[in-house]
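Asks: Dropping in upload.txt, which is compact mmCIF, C-alpha atoms:
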# COMPACT_ATOMS: atom_id res chain seq x y z
CA MET C 1 0.00 0.00 0.00
CA LYS C 2 2.79 2.42 0.93
CA GLN C 3 4.72 1.57 -2.22
CA GLN C 4 1.60 2.10 -4.32
CA TYR C 5 1.00 5.46 -2.63
CA LEU C 6 4.59 6.57 -3.28
CA ASP C 7 4.50 5.26 -6.86
CA GLU C 8 1.35 7.26 -7.55
CA ILE C 9 2.95 10.43 -6.23
CA ARG C 10 6.03 9.72 -8.35
CA THR C 11 3.94 9.13 -11.47
CA LEU C 12 1.88 12.27 -11.00
CA LEU C 13 4.96 14.37 -10.23
CA GLY C 14 6.46 13.05 -13.47
CA ARG C 15 4.09 15.40 -15.27
CA TYR C 16 6.02 18.38 -13.93
CA VAL C 17 9.48 19.71 -14.66
CA ILE C 18 11.27 18.38 -11.63
CA THR C 19 14.82 17.15 -11.11
CA ALA C 20 15.49 13.55 -10.14
CA ALA C 21 17.04 14.73 -6.85
CA GLU C 22 13.95 16.78 -5.96
CA MET C 23 11.71 13.87 -6.87
CA GLU C 24 13.66 11.49 -4.63
CA ASP C 25 13.65 14.06 -1.83
CA ILE C 26 9.85 14.38 -1.97
CA ILE C 27 9.31 10.62 -2.22
CA GLY C 28 11.72 10.11 0.68
CA ASP C 29 9.81 12.65 2.79
CA TYR C 30 6.49 10.96 2.10
CA ASP C 31 8.05 7.58 2.78
CA ARG C 32 9.15 8.78 6.23
CA MET C 33 5.84 10.51 6.98
CA TYR C 34 3.97 7.36 5.97
CA GLU C 35 6.13 5.32 8.34
CA ASP C 36 5.51 7.89 11.08
CA GLY C 37 1.77 7.46 10.55
CA LEU C 38 2.03 3.67 10.79
CA ALA C 39 4.19 4.01 13.89
CA ARG C 40 1.36 6.07 15.46
CA GLY C 41 -0.91 3.04 15.04
CA MET C 42 -2.76 4.34 11.99
CA ASN C 43 -3.73 1.88 9.28
CA ASP C 44 -2.91 2.53 5.62
CA GLU C 45 -6.23 4.21 4.86
CA GLN C 46 -5.85 6.52 7.83
CA VAL C 47 -2.29 7.46 6.84
CA VAL C 48 -3.40 8.27 3.29
CA ALA C 49 -6.31 10.32 4.60
CA PHE C 50 -3.92 12.14 6.93
CA LEU C 51 -1.21 12.89 4.38
CA GLY C 52 -3.64 13.47 1.52
CA LYS C 53 -4.43 11.45 -1.60
CA PRO C 54 -1.65 11.50 -4.22
CA GLU C 55 -3.67 13.68 -6.64
CA LYS C 56 -4.25 16.33 -3.98
CA VAL C 57 -0.69 16.18 -2.72
CA VAL C 58 0.74 16.63 -6.21
CA ARG C 59 -1.76 19.38 -7.04
CA GLU C 60 -0.45 21.30 -4.04
CA LEU C 61 3.18 20.53 -4.79
CA GLY C 62 2.61 21.32 -8.47
CA ASP C 63 2.09 24.98 -7.61
CA SER C 64 5.87 25.23 -7.30
CA TYR C 65 6.65 23.49 -10.58
CA GLU C 66 5.88 23.94 -14.25
CA ARG C 67 3.92 21.33 -16.10
CA LYS C 68 5.83 19.55 -18.86
CA PRO C 69 5.10 21.31 -22.14
CA GLY C 70 5.51 20.45 -25.83
CA LYS C 71 5.89 16.73 -26.20
CA GLY C 72 2.83 16.07 -24.07
CA SER C 73 0.50 18.03 -26.28
CA LYS C 74 2.01 16.49 -29.44
CA ASN C 75 1.63 13.04 -27.94
CA GLY C 76 -1.85 13.99 -26.81
CA LYS C 77 -2.85 14.64 -30.41
CA LEU C 78 -1.44 11.30 -31.48
CA ILE C 79 -3.32 9.56 -28.67
CA ALA C 80 -6.49 11.38 -29.66
CA ILE C 81 -6.40 10.21 -33.29
CA THR C 82 -5.61 6.59 -32.44
CA PRO C 83 -9.30 5.56 -32.08
CA PHE C 84 -10.02 6.84 -35.60
CA LEU C 85 -6.99 5.04 -37.02
CA ALA C 86 -8.08 1.88 -35.21
CA VAL C 87 -11.57 2.07 -36.73
CA ILE C 88 -10.12 2.57 -40.24
CA ALA C 89 -7.66 -0.32 -39.73
CA TYR C 90 -10.46 -2.53 -38.40
CA PHE C 91 -12.69 -1.94 -41.42
CA LEU C 92 -9.77 -2.45 -43.81
CA ILE C 93 -8.84 -5.73 -42.13
CA GLY C 94 -12.50 -6.80 -42.06
CA PHE C 95 -13.61 -5.82 -45.57
CA VAL C 96 -10.36 -6.49 -47.42
CA GLY C 97 -8.97 -9.40 -45.46
CA GLY C 98 -12.23 -10.76 -44.07
CA ALA C 99 -10.55 -11.10 -40.68
CA TRP C 100 -13.06 -9.35 -38.46
CA HIS C 101 -11.83 -11.72 -35.82
CA PRO C 102 -9.10 -11.34 -34.62
CA GLY C 103 -8.94 -7.99 -36.47
CA TRP C 104 -10.77 -6.40 -33.51
CA LEU C 105 -7.44 -6.62 -31.69
CA VAL C 106 -6.45 -3.36 -33.43
CA PHE C 107 -8.69 -1.59 -30.91
CA LEU C 108 -6.20 -2.55 -28.25
CA ALA C 109 -3.87 -0.11 -30.01
CA ILE C 110 -5.88 2.70 -28.36
CA PRO C 111 -4.81 2.04 -24.76
CA VAL C 112 -1.40 0.72 -25.89
CA VAL C 113 -0.53 3.95 -27.76
CA ALA C 114 -1.76 5.99 -24.81
CA ILE C 115 0.50 4.05 -22.43
CA LEU C 116 3.51 4.24 -24.75
CA LEU C 117 3.19 7.98 -25.35
CA ASP C 118 2.16 9.02 -21.88
CA GLY C 119 5.16 10.88 -20.51
CA SER C 120 4.18 10.34 -16.89
CA GLU C 121 5.10 6.64 -16.95
CA ARG C 122 8.86 6.42 -16.76
CA GLY C 123 11.02 3.34 -17.20
CA ILE C 124 10.66 0.28 -19.36
CA LEU C 125 9.35 -1.92 -16.55
CA ARG C 126 6.67 0.58 -15.59
CA LYS C 127 5.48 0.81 -19.17
CA LEU C 128 5.68 -2.94 -19.49
CA THR C 129 3.58 -3.37 -16.36
CA ALA C 130 0.91 -1.12 -17.84
CA LEU C 131 1.14 -2.90 -21.19
CA SER C 132 1.18 -6.44 -19.81
CA PRO C 133 -2.63 -6.96 -19.78
CA PHE C 134 -2.78 -6.07 -23.47
CA ILE C 135 0.23 -8.19 -24.35
CA ALA C 136 -1.41 -11.08 -22.50
CA VAL C 137 -4.74 -10.65 -24.30
CA VAL C 138 -3.08 -10.51 -27.74
CA ALA C 139 -0.90 -13.53 -26.99
CA PHE C 140 -3.92 -15.39 -25.62
CA ILE C 141 -6.08 -14.70 -28.67
CA VAL C 142 -3.28 -15.55 -31.12
CA LEU C 143 -2.42 -18.80 -29.33
CA GLY C 144 -6.12 -19.57 -29.01
CA GLU C 145 -6.59 -19.14 -32.75
CA PHE C 146 -4.06 -21.91 -33.17
CA GLY C 147 -6.16 -24.11 -30.91
CA PHE C 148 -4.28 -23.56 -27.65
CA TRP C 149 -6.96 -21.83 -25.60
CA HIS C 150 -5.87 -24.14 -22.87
CA PRO C 151 -3.18 -23.70 -21.58
CA ALA C 152 -2.76 -20.32 -23.36
CA TRP C 153 -4.53 -18.65 -20.40
CA LEU C 154 -1.20 -19.01 -18.61
CA VAL C 155 -0.03 -15.89 -20.47
CA PHE C 156 -2.19 -13.90 -18.07
CA LEU C 157 0.42 -14.74 -15.44
CA LEU C 158 2.59 -12.25 -17.30
CA ILE C 159 0.62 -9.49 -15.59
CA PRO C 160 1.59 -10.33 -11.98
CA MET C 161 5.06 -11.42 -13.18
CA VAL C 162 5.89 -8.07 -14.75
CA GLY C 163 4.30 -6.31 -11.81
CA ALA C 164 6.49 -8.28 -9.41
CA LEU C 165 9.60 -7.64 -11.53
CA SER C 166 9.06 -3.90 -11.25
CA ASP C 167 9.34 -4.28 -7.48
CA ARG C 168 12.81 -3.06 -6.57
CA SER C 169 13.44 -5.70 -3.91
CA TRP C 170 14.80 -9.21 -4.59
CA LYS C 171 11.54 -10.65 -3.27
CA GLY C 172 9.59 -9.32 -6.24
CA LYS C 173 12.08 -10.75 -8.70
CA VAL C 174 12.13 -14.16 -7.03
CA PHE C 175 8.32 -14.09 -6.81
CA ALA C 176 8.22 -13.53 -10.59
CA LEU C 177 10.60 -16.47 -10.98
CA THR C 178 8.37 -18.72 -8.86
CA LEU C 179 5.41 -17.78 -11.09
CA ALA C 180 7.44 -18.76 -14.15
CA LEU C 181 8.50 -22.02 -12.49
CA ALA C 182 4.89 -22.77 -11.52
CA ALA C 183 3.73 -22.19 -15.10
CA GLY C 184 6.58 -24.38 -16.38
CA GLY C 185 5.77 -27.12 -13.86
CA TYR C 186 2.09 -26.96 -14.73
CA LEU C 187 2.86 -27.35 -18.44
CA TYR C 188 5.24 -30.23 -17.73
CA CYS C 189 2.63 -32.05 -15.61
CA GLY C 190 0.01 -31.48 -18.28
CA TYR C 191 1.93 -32.35 -21.42
CA ALA C 192 4.49 -34.87 -20.15
CA LEU C 193 2.46 -36.62 -17.45
CA ASP C 194 -1.08 -35.85 -18.64
CA ALA C 195 -1.90 -34.66 -15.12
CA TRP C 196 -3.23 -31.12 -15.57
CA GLY C 197 -5.22 -31.31 -12.36
CA TYR C 198 -2.27 -32.22 -10.17
CA GLY C 199 -0.16 -29.74 -12.10
CA ALA C 200 -2.29 -26.97 -10.60
CA PHE C 201 -0.54 -27.68 -7.30
CA CYS C 202 2.62 -26.14 -8.83
CA PHE C 203 0.97 -22.79 -8.20
CA GLY C 204 1.40 -23.49 -4.52
CA LEU C 205 5.05 -22.46 -4.98
CA PRO C 206 4.45 -18.74 -5.70
CA ILE C 207 1.66 -18.66 -3.12
CA LEU C 208 3.90 -20.14 -0.43
CA PHE C 209 6.86 -17.96 -1.39
CA GLY C 210 4.66 -14.88 -1.51
CA ALA C 211 3.19 -15.67 1.89
CA ALA C 212 6.61 -16.37 3.40
CA THR C 213 8.24 -13.18 2.13
CA GLY C 214 5.35 -10.79 2.30
CA ALA C 215 5.06 -10.43 -1.49
CA ILE C 216 1.56 -11.75 -0.81
CA ASP C 217 0.45 -10.13 2.36
CA PHE C 218 -1.09 -12.50 4.88
CA VAL C 219 -1.46 -10.37 7.95
CA CYS C 220 -1.64 -12.06 11.33
CA ASP C 221 -1.51 -9.23 13.78
CA VAL C 222 -3.84 -9.83 16.70
CA ARG C 223 -3.28 -6.39 18.27
CA GLY C 224 -3.71 -4.67 14.91
CA TRP C 225 -6.79 -6.78 14.24
CA LYS C 226 -8.43 -5.61 17.44
CA LYS C 227 -7.82 -2.00 16.47
CA LEU C 228 -9.61 -2.43 13.14
CA PRO C 229 -13.15 -1.08 12.89
CA VAL C 230 -15.88 -3.78 13.03
CA SER C 231 -16.75 -3.20 9.35
CA GLU C 232 -13.12 -3.89 8.31
CA ARG C 233 -13.00 -7.03 10.40
CA ARG C 234 -16.23 -8.27 8.84
CA PHE C 235 -14.84 -7.52 5.40
CA ALA C 236 -11.58 -9.39 6.12
CA LEU C 237 -13.48 -12.43 7.41
CA SER C 238 -15.84 -12.45 4.43
CA MET C 239 -12.81 -12.20 2.07
CA LEU C 240 -11.30 -15.21 3.80
CA LEU C 241 -14.56 -17.09 3.33
CA VAL C 242 -14.67 -16.20 -0.38
CA VAL C 243 -11.07 -17.43 -0.81
CA ILE C 244 -11.88 -20.72 0.93
CA LEU C 245 -15.06 -21.17 -1.15
CA ALA C 246 -13.16 -20.40 -4.38
CA ILE C 247 -10.50 -23.00 -3.57
CA ALA C 248 -13.18 -25.54 -2.57
CA ALA C 249 -15.15 -24.91 -5.79
CA PHE C 250 -11.95 -25.21 -7.85
CA VAL C 251 -11.03 -28.57 -6.31
CA LEU C 252 -14.62 -29.92 -6.44
CA LEU C 253 -15.16 -28.94 -10.09
CA GLY C 254 -11.81 -30.46 -10.97
CA VAL C 255 -12.01 -33.68 -8.97
CA LEU C 256 -15.72 -34.46 -9.47
CA TYR C 257 -16.26 -33.24 -13.02
CA SER C 258 -12.70 -32.95 -14.44
CA LEU C 259 -13.42 -29.32 -15.27
CA TRP C 260 -9.94 -28.09 -14.38
CA HIS C 261 -9.76 -26.05 -17.58
CA VAL C 262 -12.63 -23.78 -16.53
CA ALA C 263 -12.56 -24.31 -12.78
CA TRP C 264 -9.85 -21.66 -12.37
CA LEU C 265 -12.53 -19.08 -13.18
CA THR C 266 -13.79 -19.57 -9.61
CA PHE C 267 -10.72 -17.65 -8.42
CA LEU C 268 -12.03 -14.56 -10.21
CA ALA C 269 -14.63 -14.46 -7.46
CA ILE C 270 -11.91 -13.18 -5.10
CA PRO C 271 -11.10 -9.86 -6.82
CA MET C 272 -14.73 -9.51 -7.90
CA TYR C 273 -15.96 -9.75 -4.33
CA ALA C 274 -13.36 -7.19 -3.23
CA ILE C 275 -14.52 -4.84 -5.99
CA VAL C 276 -18.20 -5.27 -5.07
CA MET C 277 -17.44 -4.48 -1.44
CA LYS C 278 -14.86 -1.73 -1.85
CA ALA C 279 -15.30 0.05 -5.19
CA GLY C 280 -17.61 3.03 -5.25
CA ARG C 281 -21.03 2.48 -6.81
CA LYS C 282 -20.04 4.59 -9.83
CA ASN C 283 -16.97 2.55 -10.74
CA ARG C 284 -18.15 -0.87 -9.64
CA LEU C 285 -19.50 -2.09 -12.96
CA VAL C 286 -16.53 -0.78 -14.95
CA ALA C 287 -14.14 -2.50 -12.56
CA LEU C 288 -16.12 -5.73 -12.76
CA SER C 289 -16.48 -5.72 -16.55
CA PRO C 290 -13.08 -7.36 -17.38
CA PHE C 291 -13.91 -10.24 -15.03
CA LEU C 292 -17.46 -10.63 -16.33
CA ALA C 293 -16.15 -10.54 -19.90
CA THR C 294 -13.50 -13.17 -19.13
CA ILE C 295 -16.05 -15.47 -17.48
CA ALA C 296 -18.53 -15.06 -20.35
CA PHE C 297 -15.74 -15.64 -22.88
CA PHE C 298 -14.53 -18.88 -21.33
CA LEU C 299 -17.94 -20.31 -20.48
CA LEU C 300 -19.19 -19.69 -24.03
CA GLY C 301 -15.93 -20.94 -25.51
CA PHE C 302 -15.75 -24.16 -23.53
CA PHE C 303 -19.40 -25.15 -23.37
CA VAL C 304 -20.80 -24.00 -26.75
CA PRO C 305 -19.15 -25.83 -29.64
CA GLY C 306 -17.24 -23.50 -31.98
CA ALA C 307 -18.15 -20.49 -29.85
CA PHE C 308 -14.60 -19.31 -29.31
CA ALA C 309 -14.86 -17.74 -32.79
CA TYR C 310 -17.40 -15.20 -31.54
CA ALA C 311 -17.11 -15.40 -27.76
CA TRP C 312 -14.53 -12.59 -27.94
CA ILE C 313 -17.50 -10.23 -28.36
CA ALA C 314 -17.85 -10.54 -24.59
CA PHE C 315 -14.77 -8.34 -24.23
CA LEU C 316 -16.65 -5.46 -25.87
CA LEU C 317 -18.46 -5.31 -22.55
CA ILE C 318 -15.39 -3.55 -21.12
CA PRO C 319 -15.33 -0.45 -23.37
CA ILE C 320 -19.14 -0.36 -23.56
CA THR C 321 -19.42 -0.23 -19.78
CA ALA C 322 -16.72 2.44 -19.58
CA ILE C 323 -18.38 4.55 -22.29
CA LEU C 324 -21.81 4.27 -20.66
CA LYS C 325 -20.35 5.18 -17.29
CA ASN C 326 -18.66 8.30 -18.66
CA ALA C 327 -21.61 9.34 -20.86
CA MET Z 1 -13.02 31.07 3.72
CA ASN Z 2 -11.02 32.03 0.63
CA SER Z 3 -8.53 29.19 0.09
CA GLN Z 4 -5.57 31.48 -0.66
CA PHE Z 5 -6.29 33.43 2.50
CA LYS Z 6 -6.47 30.20 4.46
CA LYS Z 7 -3.22 28.99 2.93
CA GLY Z 8 -1.54 32.21 4.01
CA ILE Z 9 -2.72 31.67 7.57
CA ILE Z 10 -1.59 28.05 7.58
CA GLU Z 11 1.81 29.15 6.28
CA MET Z 12 2.08 31.51 9.22
CA CYS Z 13 1.04 28.72 11.60
CA VAL Z 14 3.67 26.39 10.14
CA MET Z 15 6.32 29.06 10.72
CA ALA Z 16 5.10 29.65 14.27
CA VAL Z 17 5.07 25.94 15.13
CA VAL Z 18 8.57 25.29 13.77
CA SER Z 19 9.92 28.47 15.37
CA ARG Z 20 9.06 27.05 18.80
CA LYS Z 21 11.06 23.86 18.28
CA ASP Z 22 12.62 21.83 15.49
CA MET Z 23 10.06 19.40 14.14
CA TYR Z 24 9.71 16.64 11.55
CA GLY Z 25 7.06 16.73 8.82
CA PHE Z 26 4.51 14.39 10.35
CA ALA Z 27 4.67 16.14 13.71
CA VAL Z 28 4.12 19.56 12.10
CA ILE Z 29 1.02 18.28 10.32
CA GLU Z 30 -0.22 16.66 13.52
CA GLU Z 31 0.36 19.80 15.57
CA ILE Z 32 -1.52 22.03 13.16
CA ALA Z 33 -4.36 19.59 12.44
CA LYS Z 34 -4.90 19.35 16.20
CA GLU Z 35 -5.78 23.04 16.43
CA ILE Z 36 -7.36 23.99 13.13
CA ASP Z 37 -9.48 22.31 10.48
CA VAL Z 38 -7.01 22.02 7.65
CA ASN Z 39 -6.35 19.90 4.58
CA GLU Z 40 -3.31 18.01 5.76
CA ASN Z 41 -2.04 17.67 2.20
CA THR Z 42 -1.38 21.41 2.08
CA ILE Z 43 1.15 21.44 4.90
CA TYR Z 44 4.03 19.45 3.43
CA PRO Z 45 4.11 21.58 0.25
CA ILE Z 46 4.22 24.66 2.51
CA LEU Z 47 7.12 23.18 4.49
CA ARG Z 48 8.92 22.49 1.24
CA ARG Z 49 8.27 25.94 -0.22
CA LEU Z 50 9.37 27.69 2.96
CA THR Z 51 12.54 25.58 3.02
CA ALA Z 52 13.27 26.60 -0.57
CA GLN Z 53 12.75 30.24 0.43
CA GLY Z 54 15.27 29.90 3.25
CA VAL Z 55 12.72 30.23 6.04
CA PHE Z 56 13.69 26.75 7.29
CA ASP Z 57 16.70 24.56 6.91
CA THR Z 58 16.67 20.83 7.44
CA TYR Z 59 18.80 18.16 9.04
CA MET Z 60 18.49 14.42 9.47
CA GLU Z 61 18.15 12.83 12.87
CA PRO Z 62 18.44 9.07 13.49
CA THR Z 63 15.33 7.54 15.02
CA GLY Z 64 16.67 4.29 16.44
CA ILE Z 65 14.15 2.35 14.37
CA GLY Z 66 13.77 2.74 10.64
CA ALA Z 67 14.98 5.56 8.41
CA PRO Z 68 16.26 8.83 9.91
CA ARG Z 69 13.78 11.69 10.15
CA LYS Z 70 14.12 15.03 8.40
CA TYR Z 71 13.78 17.87 10.91
CA TYR Z 72 12.84 21.43 9.98
CA ARG Z 73 14.59 24.25 11.84
CA ILE Z 74 13.77 27.93 11.60
CA THR Z 75 16.51 30.19 10.21
CA ASP Z 76 17.23 33.79 11.20
CA LEU Z 77 15.39 34.90 8.09
CA GLY Z 78 12.46 32.68 9.12
CA ARG Z 79 12.46 34.06 12.66
CA ASN Z 80 12.30 37.64 11.38
CA LYS Z 81 9.53 36.78 8.94
CA THR Z 82 7.52 34.99 11.64
CA ARG Z 83 7.73 38.08 13.86
CA GLU Z 84 6.71 40.33 10.97
CA TYR Z 85 3.74 38.12 10.11
CA ALA Z 86 2.66 37.88 13.74
CA ASP Z 87 2.67 41.68 14.04
CA GLU Z 88 0.74 42.12 10.80
CA TRP Z 89 -1.72 39.43 11.81
CA SER Z 90 -2.27 40.96 15.21
CA LYS Z 91 -2.99 44.38 13.69
CA PHE Z 92 -5.25 42.81 11.11
CA LEU Z 93 -7.25 40.91 13.74
CA THR Z 94 -7.58 43.98 15.90
CA GLY Z 95 -9.04 45.85 12.93
CA VAL Z 96 -11.39 43.01 12.07
CA PHE Z 97 -12.68 42.72 15.62
CA ARG Z 98 -13.26 46.45 15.75
CA LEU Z 99 -15.24 46.29 12.52
CA LEU Z 100 -17.26 43.35 13.77
CA GLY Z 101 -17.93 45.16 17.02
CA GLY Z 102 -16.68 42.32 19.18
CA ASN Z 103 -13.85 42.01 21.65
CA GLU Z 104 -10.39 42.90 20.51
CA ALA Z 105 -7.94 40.11 19.98
Render the structure in this file as structure tokens.

Replies:
Amino acid sequence: MKQQYLDEIRTLLGRYVITAAEMEDIIGDYDRMYEDGLARGMNDEQVVAFLGKPEKVVRELGDSYERKPGKGSKNGKLIAITPFLAVIAYFLIGFVGGAWHPGWLVFLAIPVVAILLDGSERGILRKLTALSPFIAVVAFIVLGEFGFWHPAWLVFLLIPMVGALSDRSWKGKVFALTLALAAGGYLYCGYALDAWGYGAFCFGLPILFGAATGAIDFVCDVRGWKKLPVSERRFALSMLLVVILAIAAFVLLGVLYSLWHVAWLTFLAIPMYAIVMKAGRKNRLVALSPFLATIAFFLLGFFVPGAFAYAWIAFLLIPITAILKNA
Amino acid sequence: MNSQFKKGIIEMCVMAVVSRKDMYGFAVIEEIAKEIDVNENTIYPILRRLTAQGVFDTYMEPTGIGAPRKYYRITDLGRNKTREYADEWSKFLTGVFRLLGGNEA
């Protein structure tokens, strides 16, 4: 949470003309103040409320700095025309090449161009982290077109892997390695031993490593727990219940019905439940849409013969929801 | 209250608080938030701006646990400015109270 808070401040400050030394000085100050807040017994939310949300902090700090000129506005124009170029490319691919699917992938160019040209995201790993969901989707669709829908879904592990790699500590890098090893082990069990179900246990490695090193945060702090408001405690317990139910559903669907290939969808219930409980009413549906689209895509694809060819339409739910929300 | 006016007052409070004793960022925010309703996110930028203007200088102090803390210390320039502001503020308040017909500050 602290790292995310500091990263957001860093990203937003990146929009101003500011030296690297000044940037580090500010980040260092907020790092110390955040620690001071935690040392006072505040939880993360209370510290953020006390120090101010990153947008507000940077707005105040920004009074002393100039916003970055020139390149931003030029890039902004390029970003703005990308949707039109994508539509033209889509129709060309569709009418001339007849490849409406997977030609729709050109629409992914819209967020990709925005990420690549956005000056506020510095560093290859940061850009790669932002790009990783799109890289994963493209790789997934391309591999799927060649008939590898399963186990092509493993490419989605790229997202946490790149995210973990961008963590400066060794823990993040080793966590990314354990994810790669788990994926490798899973593939080996599946292809070499024809034991996809048991192969899923390979994913215990990153979970155990993450839990042991704090890369995945399992908090067991009885004194801290008692200080939490009742609503937070209820939320934490209900999250635990959802995790247990998701694991139970995964194992039951796999063992009883051999549905390992779709059973992993049950794990999407974990982030979805967190979104339902924590996201504001306005943003809830937009935040849920990628998960709903993924579930619809896989259920159609696996249970309706030949449906993978058009099940991708489910992903249109994401931009449609976002457009409706902002209308 | 006009936000610029409020910012000016908070700036004066920050100077007054640090002039009494050297303090680290979190403690300054805490001290001020204890007395007046203020957006906490405005205080650190003020500390930073005043440091850049030479009103404060800073030094690091080990804490025993974790990273060392950055302390803010008032400079001679800062001390003079604080006195000036306090005088101006006092005169201003006296005038306002007279206009409002209440007790003088």

Asks: Find the spatial neighbours of Thr75 (chain Z), counting all atoms listed in the file, within a cut-off of 12 Å - ignore same-chain residues fewer than 2 positions away - and output them as a PyMOL selection string.

Replies: chain Z and resi 15+18-22+50-58+72-73+77-82

Asks: With C-alpha atoms retained, write the just-selected residues as an mmCIF file, in the coordinates of the input.

Replies:
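So selection26.cif came out as:
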data_model
loop_
_atom_site.group_PDB
_atom_site.id
_atom_site.type_symbol
_atom_site.label_atom_id
_atom_site.label_comp_id
_atom_site.auth_asym_id
_atom_site.auth_seq_id
_atom_site.Cartn_x
_atom_site.Cartn_y
_atom_site.Cartn_z
ATOM 1 C CA MET Z 15 6.320 29.060 10.720
ATOM 2 C CA VAL Z 18 8.570 25.290 13.770
ATOM 3 C CA SER Z 19 9.920 28.470 15.370
ATOM 4 C CA ARG Z 20 9.060 27.050 18.800
ATOM 5 C CA LYS Z 21 11.060 23.860 18.280
ATOM 6 C CA ASP Z 22 12.620 21.830 15.490
ATOM 7 C CA LEU Z 50 9.370 27.690 2.960
ATOM 8 C CA THR Z 51 12.540 25.580 3.020
ATOM 9 C CA ALA Z 52 13.270 26.600 -0.570
ATOM 10 C CA GLN Z 53 12.750 30.240 0.430
ATOM 11 C CA GLY Z 54 15.270 29.900 3.250
ATOM 12 C CA VAL Z 55 12.720 30.230 6.040
ATOM 13 C CA PHE Z 56 13.690 26.750 7.290
ATOM 14 C CA ASP Z 57 16.700 24.560 6.910
ATOM 15 C CA THR Z 58 16.670 20.830 7.440
ATOM 16 C CA TYR Z 72 12.840 21.430 9.980
ATOM 17 C CA ARG Z 73 14.590 24.250 11.840
ATOM 18 C CA LEU Z 77 15.390 34.900 8.090
ATOM 19 C CA GLY Z 78 12.460 32.680 9.120
ATOM 20 C CA ARG Z 79 12.460 34.060 12.660
ATOM 21 C CA ASN Z 80 12.300 37.640 11.380
ATOM 22 C CA LYS Z 81 9.530 36.780 8.940
ATOM 23 C CA THR Z 82 7.520 34.990 11.640
#

Asks: Please determine, counting only C-alpha atoms, which residue among Z:Met23, Z:Ile46, Z:Glu35, Z:Leu100 has the shortest atom-to-atom distance to chain C.

Replies: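 Looking only at the distances to chain C, the closest residue turns out to be Z:Ile46.
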
Asks: Sorted by chain and rising residue number, list the residues of chain C at most 8 Å from chain Z (counting all atoms listed in the file), each with its closest atom pair and distance in Å to one decimal, as JSON lines.

Replies:
{"residue": "C:Asp29", "atom": "CA", "partner": "Z:Lys70", "partner_atom": "CA", "distance": 7.5}
{"residue": "C:Arg32", "atom": "CA", "partner": "Z:Arg69", "partner_atom": "CA", "distance": 6.7}
{"residue": "C:Met33", "atom": "CA", "partner": "Z:Phe26", "partner_atom": "CA", "distance": 5.3}
{"residue": "C:Asp36", "atom": "CA", "partner": "Z:Phe26", "partner_atom": "CA", "distance": 6.6}
{"residue": "C:Gly37", "atom": "CA", "partner": "Z:Phe26", "partner_atom": "CA", "distance": 7.5}
{"residue": "C:Phe50", "atom": "CA", "partner": "Z:Glu40", "partner_atom": "CA", "distance": 6.0}
{"residue": "C:Leu51", "atom": "CA", "partner": "Z:Asn41", "partner_atom": "CA", "distance": 5.3}
{"residue": "C:Gly52", "atom": "CA", "partner": "Z:Asn41", "partner_atom": "CA", "distance": 4.5}
{"residue": "C:Lys53", "atom": "CA", "partner": "Z:Asn41", "partner_atom": "CA", "distance": 7.7}
{"residue": "C:Lys56", "atom": "CA", "partner": "Z:Asn41", "partner_atom": "CA", "distance": 6.7}
{"residue": "C:Val57", "atom": "CA", "partner": "Z:Asn41", "partner_atom": "CA", "distance": 5.3}
{"residue": "C:Glu60", "atom": "CA", "partner": "Z:Thr42", "partner_atom": "CA", "distance": 6.2}
{"residue": "C:Leu61", "atom": "CA", "partner": "Z:Pro45", "partner_atom": "CA", "distance": 5.2}
{"residue": "C:Ser64", "atom": "CA", "partner": "Z:Arg49", "partner_atom": "CA", "distance": 7.5}

Asks: Between CA of Arg15 (chain C) and CA of Arg126 (chain C), what is the distance, to one decimal in Å?

Replies: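 A separation of 15.0 Å between them.
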
Asks: Within 8 Å of Cys189 (chain C), counting all atoms listed in the file, which residues show up once you throw out same-chain ones fewer than 6 positions away? Write them as a PyMOL selection string, please.

Replies: chain C and resi 195-196+198-199

Asks: Could you write out that same residue set with C-alpha atoms as a PDB file, in the coordinates of the input?

Replies:
ATOM      1  CA  ALA C 195      -1.900 -34.660 -15.120  1.00  0.00           C
ATOM      2  CA  TRP C 196      -3.230 -31.120 -15.570  1.00  0.00           C
ATOM      3  CA  TYR C 198      -2.270 -32.220 -10.170  1.00  0.00           C
ATOM      4  CA  GLY C 199      -0.160 -29.740 -12.100  1.00  0.00           C
TER       5      GLY C 199
END

Asks: Which value, in Å to one decimal, gives the distance between CA of Phe175 (chain C) and CA of Phe209 (chain C)?

Replies: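 CA of Phe209 (chain C) lies at a distance of 6.8 Å from CA of Phe175 (chain C).
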
Asks: Please determine, counting all atoms listed in the file, which residue among C:Gln46, C:Thr213, C:Arg67, C:Leu285 has the shortest atom-to-atom distance to Ser169 (chain C).

Replies: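 Closest candidate: C:Thr213.
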
Asks: Near Thr82 (chain C), counting all atoms listed in the file, which residues have an atom at most 8 Å away, once you skip same-chain residues fewer than 3 positions from it, shown as a list of chain:residue names?

Replies: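 Here the answer would be C:Leu78, C:Ile79, C:Leu85, C:Ala86, C:Ala109, C:Ile110, C:Val113.
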
Asks: Just to confirm, what's the straight-line distance from CA of Phe302 (chain C) to CA of His150 (chain C) in Å (one decimal)?

Replies: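 One can read the CA of Phe302 (chain C) to CA of His150 (chain C) distance as 9.9 Å.
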